[in-house]
Amino acid sequence: MNNLNQPIQLLGGITASEFLQHYWHKKPLLIKNAIPEFKGLLSPDELAGLACEDEVQSRIVEEIKGKWHASHGPFDESDFSNLPEKPDPKHRWTLLVQSVNHHLSEAAELLSQFNFIPHARLDDLMVSYAPDGGGVGPHFDSYDVFLLQGQGKRLWRISEQTDLSLVEGAPLRILKNFDTAQEWLVEAGDLLYLPPHLAHWGIAVSDGNTDCMTYSIGFRAPKVQELATEFLGFMQDKLNKDVNALPGIYQDADLTLQEHPAEIGNGMISKVADILKTIQWSDQHVADFLGSYLSEPKPDVFFNPNKKISLRKFHENLLKHGICLDLKSQMLFTAQYFYLNGEAIAATGSSASLLTALADHRKLASADIAITGDIEAAVIEQLHVWYLAGYLYFN
């Protein structure tokens with residue numbers, strides 16, 4: 001459990017409580033040397049290698065003679081060989097790779113340092129590489145983001161402008177105008193927090209030997225329209241599964257003669273309106289929806305099933321080795337309900353304690369299981385199913 005009143009070096013020595021109260025969603029914060037001696041998690045070549053893999057989302061953004069272009073991966077060596085080897089003010093470019101935490105255990109460990117923000121809000125870790133002058137132009141994000149500098153340097157320009165008009169026809173949301181209010185040059189280990197809708201512009205700065213790599217920790221901010229639409233779909237599924245949720249049929253024993261037979265009368269409209277008003281949902285319905293919706297993998301995420309083993313053998317290995325979430329898995333919980341990649345299970349007592357620890361820390365050691373006590377048979381069975389699906393693996 002997080003201690004909100006414990007000073008955190010990552011936040012420059014302030015507490016998580018102070019950060020949430022004074023900065024989160026409110027104003028930017030620059031923390032120099034937030035992670036001492038941090039140089040990054042992978043090299044430019046390794047990042048480019050990830051961008052060449054089919055299951056990895058990546059982009060190359062180019063600014064050529066003032067015009068913006070974007071291409072999507074997977075890439076190959078020829079895509080990179082066509083880019084300028086040396087800085088060129090007429091042709092600047094950057095490589096961006098999404099969800100690096102799905103492919104690199106060190107990236108998942110880095111994200112764990114941001115556990116003072118709920119997992120339900122976390123989106124992913126994006127890593128960018130750019131030679132001198134590279135970047136994605138002046139823009140704003142609709143979500144909170146932490147920008148951790150790896151190798152090299154980056155010049156960040158910040159603006160509190162309200163003019164958010166965009167360059168027409170650009171493949172990215174590039175601001176047409178940008179008025180710099182603050183400017184910071186960040187180095188390896190520095191961390192910059194930016195709240196939503198704050199205009200910013202990051203420009204790679206190279207010393208000739210070391211190009212720029214930045215680690216972006218982004219957080220989910222679903223649109224209200226999306227939440228409402230998804231929730232209504234969730235409730236539709238609930239009503240379809242429960243045939244007794246809305247009993248009866250439409251009745252109109254008080255039907256009167258209409259002048260126009262093709263007209264939908266006010267009486268029918270009122271009766272159906274009254275029927276729809278009987279549709280109710282509870283906080284638990286909302287919790288179930290959020291658990292399933294927020295843990296549901298993105299469409300581009302796929303899992304590799306594990307080799308089939310019996311339930312008995314799985315239980316033995318669980319007690320012997322413990323268990324871990326796959327890097328691409330998302331596990332959340334509310335009260336006694338636990339959600340893994342959109343699927344739910346209920347648990348109580350020792351089982352709930354273990355699943356809570358698994359969700360919080362993404363792994364359980366065999367010693368943790370031994371100390372906590374017996375696990376409900378239904379929970380073991382569900383963990384077995386999730387293991388076979390590739391959502392979990394043994395330590």
# chains A, B, ... in the order shown; residues from 1 in each chain; ligands from 1

$ select_by_dssp --residues "range 40-271 of chain A" --states "helix (DSSP H, G or I)" --output "NGL selection string"
:A and (44-51 or 77-81 or 100-102 or 105-114 or 119-121 or 224-241 or 266-271)

$ select_by_dssp --residues "range 167-282 of chain A" --states "strand (DSSP E)" --output "list in words"
Gln182, Glu183, Trp184, Leu185, Val186, Leu191, Leu192, Tyr193, Leu194, Ala199, His200, Trp201, Gly202, Ile203, Ala204, Val205, Cys212, Met213, Thr214, Tyr215, Ser216, Ile217, Gly218 and Phe219 of chain A

$ atom_distance --atom1 "CA of Ile380 in chain A" --atom2 "CA of His102 in chain A"
25.2 Å

$ closest_atom_pairs --of "range 225-335 of chain A" --to "range 343-364 of chain A" --cutoff "7 Å" --atoms "only C-alpha atoms" --output "JSON lines"
{"residue": "A:Ser292", "atom": "CA", "partner": "A:Glu343", "partner_atom": "CA", "distance": 6.2}
{"residue": "A:Gly322", "atom": "CA", "partner": "A:Leu364", "partner_atom": "CA", "distance": 5.2}
{"residue": "A:Ile323", "atom": "CA", "partner": "A:Leu364", "partner_atom": "CA", "distance": 5.2}
{"residue": "A:Cys324", "atom": "CA", "partner": "A:Lys363", "partner_atom": "CA", "distance": 4.1}
{"residue": "A:Leu325", "atom": "CA", "partner": "A:Arg362", "partner_atom": "CA", "distance": 5.3}
{"residue": "A:Met331", "atom": "CA", "partner": "A:Ala359", "partner_atom": "CA", "distance": 5.2}
{"residue": "A:Leu332", "atom": "CA", "partner": "A:Ala359", "partner_atom": "CA", "distance": 5.9}

$ residues_around --residues "range 168-176 of chain A" --least-positions-apart "5" --cutoff "6 Å" --atoms "only C-alpha atoms" --output "PDB file with N, CA and C atoms, in the first residue's frame"
ATOM      1  N   TRP A  68       4.775  17.987 -42.423  1.00  0.00           N
ATOM      2  CA  TRP A  68       4.812  16.839 -41.523  1.00  0.00           C
ATOM      3  C   TRP A  68       4.334  15.578 -42.215  1.00  0.00           C
ATOM      4  N   PRO A 138       5.026  21.163 -31.955  1.00  0.00           N
ATOM      5  CA  PRO A 138       4.222  21.698 -30.847  1.00  0.00           C
ATOM      6  C   PRO A 138       2.835  21.059 -30.835  1.00  0.00           C
ATOM      7  N   HIS A 139       2.406  20.582 -29.692  1.00  0.00           N
ATOM      8  CA  HIS A 139       1.126  19.889 -29.601  1.00  0.00           C
ATOM      9  C   HIS A 139       0.630  19.905 -28.159  1.00  0.00           C
TER      10      HIS A 139
END

$ residues_around --residues "Leu50 in chain A" --least-positions-apart "2" --cutoff "12 Å" --atoms "only C-alpha atoms" --output "ChimeraX atom specification"
/A:42-48,52-59,73-77,95-104,126-128

$ residues_around --residues "Leu192 in chain A" --least-positions-apart "2" --cutoff "8 Å" --atoms "only C-alpha atoms" --output "JSON, numbers by chain"
{"A": [28, 29, 30, 31, 146, 147, 148, 190, 194]}

$ atom_distance --atom1 "CA of Pro297 in chain A" --atom2 "CA of Ala221 in chain A"
15.7 Å

$ residues_around --residues "Phe116 in chain A" --least-positions-apart "5" --cutoff "10 Å" --atoms "only C-alpha atoms" --output "list in words"
Met1, Asn2, Asn3, Leu4, Ile8, Thr15, Ala16, Ser17, Phe19 and Leu20 of chain A

$ write_last_selection --atoms "C-alpha atoms" --output "short mmCIF file (atom, residue, chain, number, x, y, z; two decimals), in the first residue's frame"
data_model
loop_
_atom_site.label_atom_id
_atom_site.label_comp_id
_atom_site.auth_asym_id
_atom_site.auth_seq_id
_atom_site.Cartn_x
_atom_site.Cartn_y
_atom_site.Cartn_z
CA MET A 1 0.00 0.00 0.00
CA ASN A 2 1.30 3.45 -0.92
CA ASN A 3 2.26 5.89 1.82
CA LEU A 4 0.96 9.20 0.51
CA ILE A 8 9.51 10.38 -3.03
CA THR A 15 5.06 13.39 -1.10
CA ALA A 16 2.57 11.70 -3.39
CA SER A 17 -0.17 13.52 -1.50
CA PHE A 19 1.88 16.00 -5.88
CA LEU A 20 -1.75 14.94 -6.26
#

$ closest_atom_pairs --of "range 45-127 of chain A" --to "range 206-211 of chain A" --cutoff "12 Å" --atoms "only C-alpha atoms" --output "Markdown table"
| residue | atom | partner | partner_atom | distance |
| --- | --- | --- | --- | --- |
| A:Asp45 | CA | A:Asp211 | CA | 11.8 |
| A:Glu85 | CA | A:Asp211 | CA | 11.4 |
| A:Lys86 | CA | A:Gly208 | CA | 9.1 |
| A:Pro87 | CA | A:Ser206 | CA | 9.0 |
| A:Trp93 | CA | A:Asp211 | CA | 11.9 |
| A:Thr94 | CA | A:Asp211 | CA | 10.6 |
| A:Leu95 | CA | A:Asp211 | CA | 11.9 |

$ closest_residue --among "A:Gln161, A:Ser329, A:Leu311, A:Lys298" --to "Ala378 in chain A" --atoms "only C-alpha atoms"
A:Leu311

$ decode --residues "range 293-327 of chain A" --atoms "N, CA, C and O atoms" --output "JSON list (two decimals), in the first residue's frame"
[["chain", "number", "residue", "atom", "x", "y", "z"],
["A", 293, "TYR", "N", -13.84, -3.10, -18.54],
["A", 293, "TYR", "CA", -13.50, -2.15, -19.60],
["A", 293, "TYR", "C", -12.04, -1.69, -19.50],
["A", 293, "TYR", "O", -11.32, -1.66, -20.50],
["A", 294, "LEU", "N", -11.61, -1.34, -18.28],
["A", 294, "LEU", "CA", -10.27, -0.79, -18.11],
["A", 294, "LEU", "C", -9.17, -1.86, -18.15],
["A", 294, "LEU", "O", -8.00, -1.53, -18.35],
["A", 295, "SER", "N", -9.54, -3.12, -17.93],
["A", 295, "SER", "CA", -8.53, -4.18, -18.02],
["A", 295, "SER", "C", -8.55, -4.90, -19.37],
["A", 295, "SER", "O", -7.69, -5.74, -19.64],
["A", 296, "GLU", "N", -9.51, -4.56, -20.21],
["A", 296, "GLU", "CA", -9.62, -5.19, -21.52],
["A", 296, "GLU", "C", -8.41, -4.84, -22.37],
["A", 296, "GLU", "O", -8.06, -3.67, -22.53],
["A", 297, "PRO", "N", -7.71, -5.83, -22.94],
["A", 297, "PRO", "CA", -6.55, -5.52, -23.79],
["A", 297, "PRO", "C", -6.95, -4.72, -25.02],
["A", 297, "PRO", "O", -8.07, -4.85, -25.53],
["A", 298, "LYS", "N", -6.03, -3.89, -25.52],
["A", 298, "LYS", "CA", -6.28, -3.16, -26.75],
["A", 298, "LYS", "C", -6.36, -4.14, -27.92],
["A", 298, "LYS", "O", -5.86, -5.26, -27.84],
["A", 299, "PRO", "N", -7.01, -3.74, -29.01],
["A", 299, "PRO", "CA", -7.20, -4.65, -30.14],
["A", 299, "PRO", "C", -5.92, -5.24, -30.71],
["A", 299, "PRO", "O", -5.93, -6.33, -31.29],
["A", 300, "ASP", "N", -4.80, -4.52, -30.55],
["A", 300, "ASP", "CA", -3.54, -5.00, -31.13],
["A", 300, "ASP", "C", -2.77, -5.92, -30.20],
["A", 300, "ASP", "O", -1.69, -6.39, -30.56],
["A", 301, "VAL", "N", -3.31, -6.20, -29.00],
["A", 301, "VAL", "CA", -2.61, -7.04, -28.02],
["A", 301, "VAL", "C", -3.06, -8.49, -28.15],
["A", 301, "VAL", "O", -4.26, -8.79, -28.12],
["A", 302, "PHE", "N", -2.09, -9.39, -28.28],
["A", 302, "PHE", "CA", -2.37, -10.81, -28.37],
["A", 302, "PHE", "C", -1.49, -11.57, -27.38],
["A", 302, "PHE", "O", -0.37, -11.15, -27.08],
["A", 303, "PHE", "N", -2.01, -12.67, -26.87],
["A", 303, "PHE", "CA", -1.29, -13.48, -25.89],
["A", 303, "PHE", "C", -0.91, -14.82, -26.50],
["A", 303, "PHE", "O", -1.68, -15.39, -27.29],
["A", 304, "ASN", "N", 0.24, -15.32, -26.11],
["A", 304, "ASN", "CA", 0.69, -16.64, -26.54],
["A", 304, "ASN", "C", 0.31, -17.67, -25.49],
["A", 304, "ASN", "O", 0.80, -17.61, -24.36],
["A", 305, "PRO", "N", -0.58, -18.59, -25.81],
["A", 305, "PRO", "CA", -1.00, -19.59, -24.81],
["A", 305, "PRO", "C", 0.17, -20.41, -24.30],
["A", 305, "PRO", "O", 1.13, -20.69, -25.05],
["A", 306, "ASN", "N", 0.12, -20.76, -23.03],
["A", 306, "ASN", "CA", 1.13, -21.62, -22.44],
["A", 306, "ASN", "C", 0.85, -23.08, -22.79],
["A", 306, "ASN", "O", -0.28, -23.45, -23.16],
["A", 307, "LYS", "N", 1.86, -23.90, -22.64],
["A", 307, "LYS", "CA", 1.72, -25.34, -22.87],
["A", 307, "LYS", "C", 0.71, -25.90, -21.87],
["A", 307, "LYS", "O", 0.73, -25.56, -20.69],
["A", 308, "LYS", "N", -0.18, -26.76, -22.37],
["A", 308, "LYS", "CA", -1.24, -27.29, -21.50],
["A", 308, "LYS", "C", -0.66, -28.19, -20.40],
["A", 308, "LYS", "O", 0.19, -29.04, -20.67],
["A", 309, "ILE", "N", -1.13, -27.91, -19.18],
["A", 309, "ILE", "CA", -0.81, -28.78, -18.05],
["A", 309, "ILE", "C", -2.09, -29.02, -17.26],
["A", 309, "ILE", "O", -3.04, -28.24, -17.36],
["A", 310, "SER", "N", -2.12, -30.08, -16.49],
["A", 310, "SER", "CA", -3.31, -30.40, -15.71],
["A", 310, "SER", "C", -3.50, -29.40, -14.58],
["A", 310, "SER", "O", -2.56, -28.68, -14.17],
["A", 311, "LEU", "N", -4.70, -29.34, -14.04],
["A", 311, "LEU", "CA", -4.99, -28.47, -12.90],
["A", 311, "LEU", "C", -4.13, -28.86, -11.70],
["A", 311, "LEU", "O", -3.62, -27.99, -10.99],
["A", 312, "ARG", "N", -3.94, -30.17, -11.49],
["A", 312, "ARG", "CA", -3.12, -30.63, -10.36],
["A", 312, "ARG", "C", -1.68, -30.16, -10.50],
["A", 312, "ARG", "O", -1.07, -29.64, -9.56],
["A", 313, "LYS", "N", -1.12, -30.32, -11.71],
["A", 313, "LYS", "CA", 0.26, -29.89, -11.95],
["A", 313, "LYS", "C", 0.38, -28.38, -11.83],
["A", 313, "LYS", "O", 1.38, -27.86, -11.30],
["A", 314, "PHE", "N", -0.63, -27.66, -12.30],
["A", 314, "PHE", "CA", -0.61, -26.21, -12.18],
["A", 314, "PHE", "C", -0.56, -25.80, -10.71],
["A", 314, "PHE", "O", 0.21, -24.91, -10.32],
["A", 315, "HIS", "N", -1.39, -26.44, -9.89],
["A", 315, "HIS", "CA", -1.44, -26.11, -8.46],
["A", 315, "HIS", "C", -0.08, -26.38, -7.81],
["A", 315, "HIS", "O", 0.41, -25.59, -7.00],
["A", 316, "GLU", "N", 0.54, -27.48, -8.18],
["A", 316, "GLU", "CA", 1.86, -27.81, -7.63],
["A", 316, "GLU", "C", 2.89, -26.74, -8.00],
["A", 316, "GLU", "O", 3.67, -26.28, -7.16],
["A", 317, "ASN", "N", 2.90, -26.34, -9.26],
["A", 317, "ASN", "CA", 3.84, -25.32, -9.72],
["A", 317, "ASN", "C", 3.56, -23.96, -9.09],
["A", 317, "ASN", "O", 4.49, -23.19, -8.80],
["A", 318, "LEU", "N", 2.28, -23.69, -8.87],
["A", 318, "LEU", "CA", 1.90, -22.43, -8.23],
["A", 318, "LEU", "C", 2.49, -22.34, -6.83],
["A", 318, "LEU", "O", 3.07, -21.32, -6.45],
["A", 319, "LEU", "N", 2.36, -23.43, -6.06],
["A", 319, "LEU", "CA", 2.88, -23.45, -4.69],
["A", 319, "LEU", "C", 4.41, -23.47, -4.67],
["A", 319, "LEU", "O", 5.03, -22.93, -3.75],
["A", 320, "LYS", "N", 5.00, -24.04, -5.71],
["A", 320, "LYS", "CA", 6.45, -24.16, -5.74],
["A", 320, "LYS", "C", 7.15, -22.92, -6.28],
["A", 320, "LYS", "O", 8.19, -22.49, -5.76],
["A", 321, "HIS", "N", 6.55, -22.30, -7.33],
["A", 321, "HIS", "CA", 7.25, -21.22, -8.02],
["A", 321, "HIS", "C", 6.60, -19.85, -7.86],
["A", 321, "HIS", "O", 7.25, -18.83, -8.11],
["A", 322, "GLY", "N", 5.32, -19.81, -7.48],
["A", 322, "GLY", "CA", 4.62, -18.53, -7.51],
["A", 322, "GLY", "C", 4.17, -18.21, -8.92],
["A", 322, "GLY", "O", 4.32, -19.02, -9.84],
["A", 323, "ILE", "N", 3.62, -17.01, -9.11],
["A", 323, "ILE", "CA", 3.03, -16.67, -10.40],
["A", 323, "ILE", "C", 3.27, -15.20, -10.72],
["A", 323, "ILE", "O", 3.40, -14.37, -9.81],
["A", 324, "CYS", "N", 3.32, -14.86, -12.02],
["A", 324, "CYS", "CA", 3.49, -13.48, -12.48],
["A", 324, "CYS", "C", 2.45, -13.16, -13.55],
["A", 324, "CYS", "O", 2.01, -14.05, -14.28],
["A", 325, "LEU", "N", 2.09, -11.89, -13.64],
["A", 325, "LEU", "CA", 1.29, -11.44, -14.77],
["A", 325, "LEU", "C", 2.17, -11.34, -16.00],
["A", 325, "LEU", "O", 3.33, -10.92, -15.92],
["A", 326, "ASP", "N", 1.64, -11.71, -17.15],
["A", 326, "ASP", "CA", 2.32, -11.45, -18.39],
["A", 326, "ASP", "C", 2.49, -9.94, -18.54],
["A", 326, "ASP", "O", 1.67, -9.15, -18.04],
["A", 327, "LEU", "N", 3.54, -9.50, -19.22],
["A", 327, "LEU", "CA", 3.80, -8.07, -19.37],
["A", 327, "LEU", "C", 2.62, -7.33, -20.00],
["A", 327, "LEU", "O", 2.41, -6.14, -19.73]]
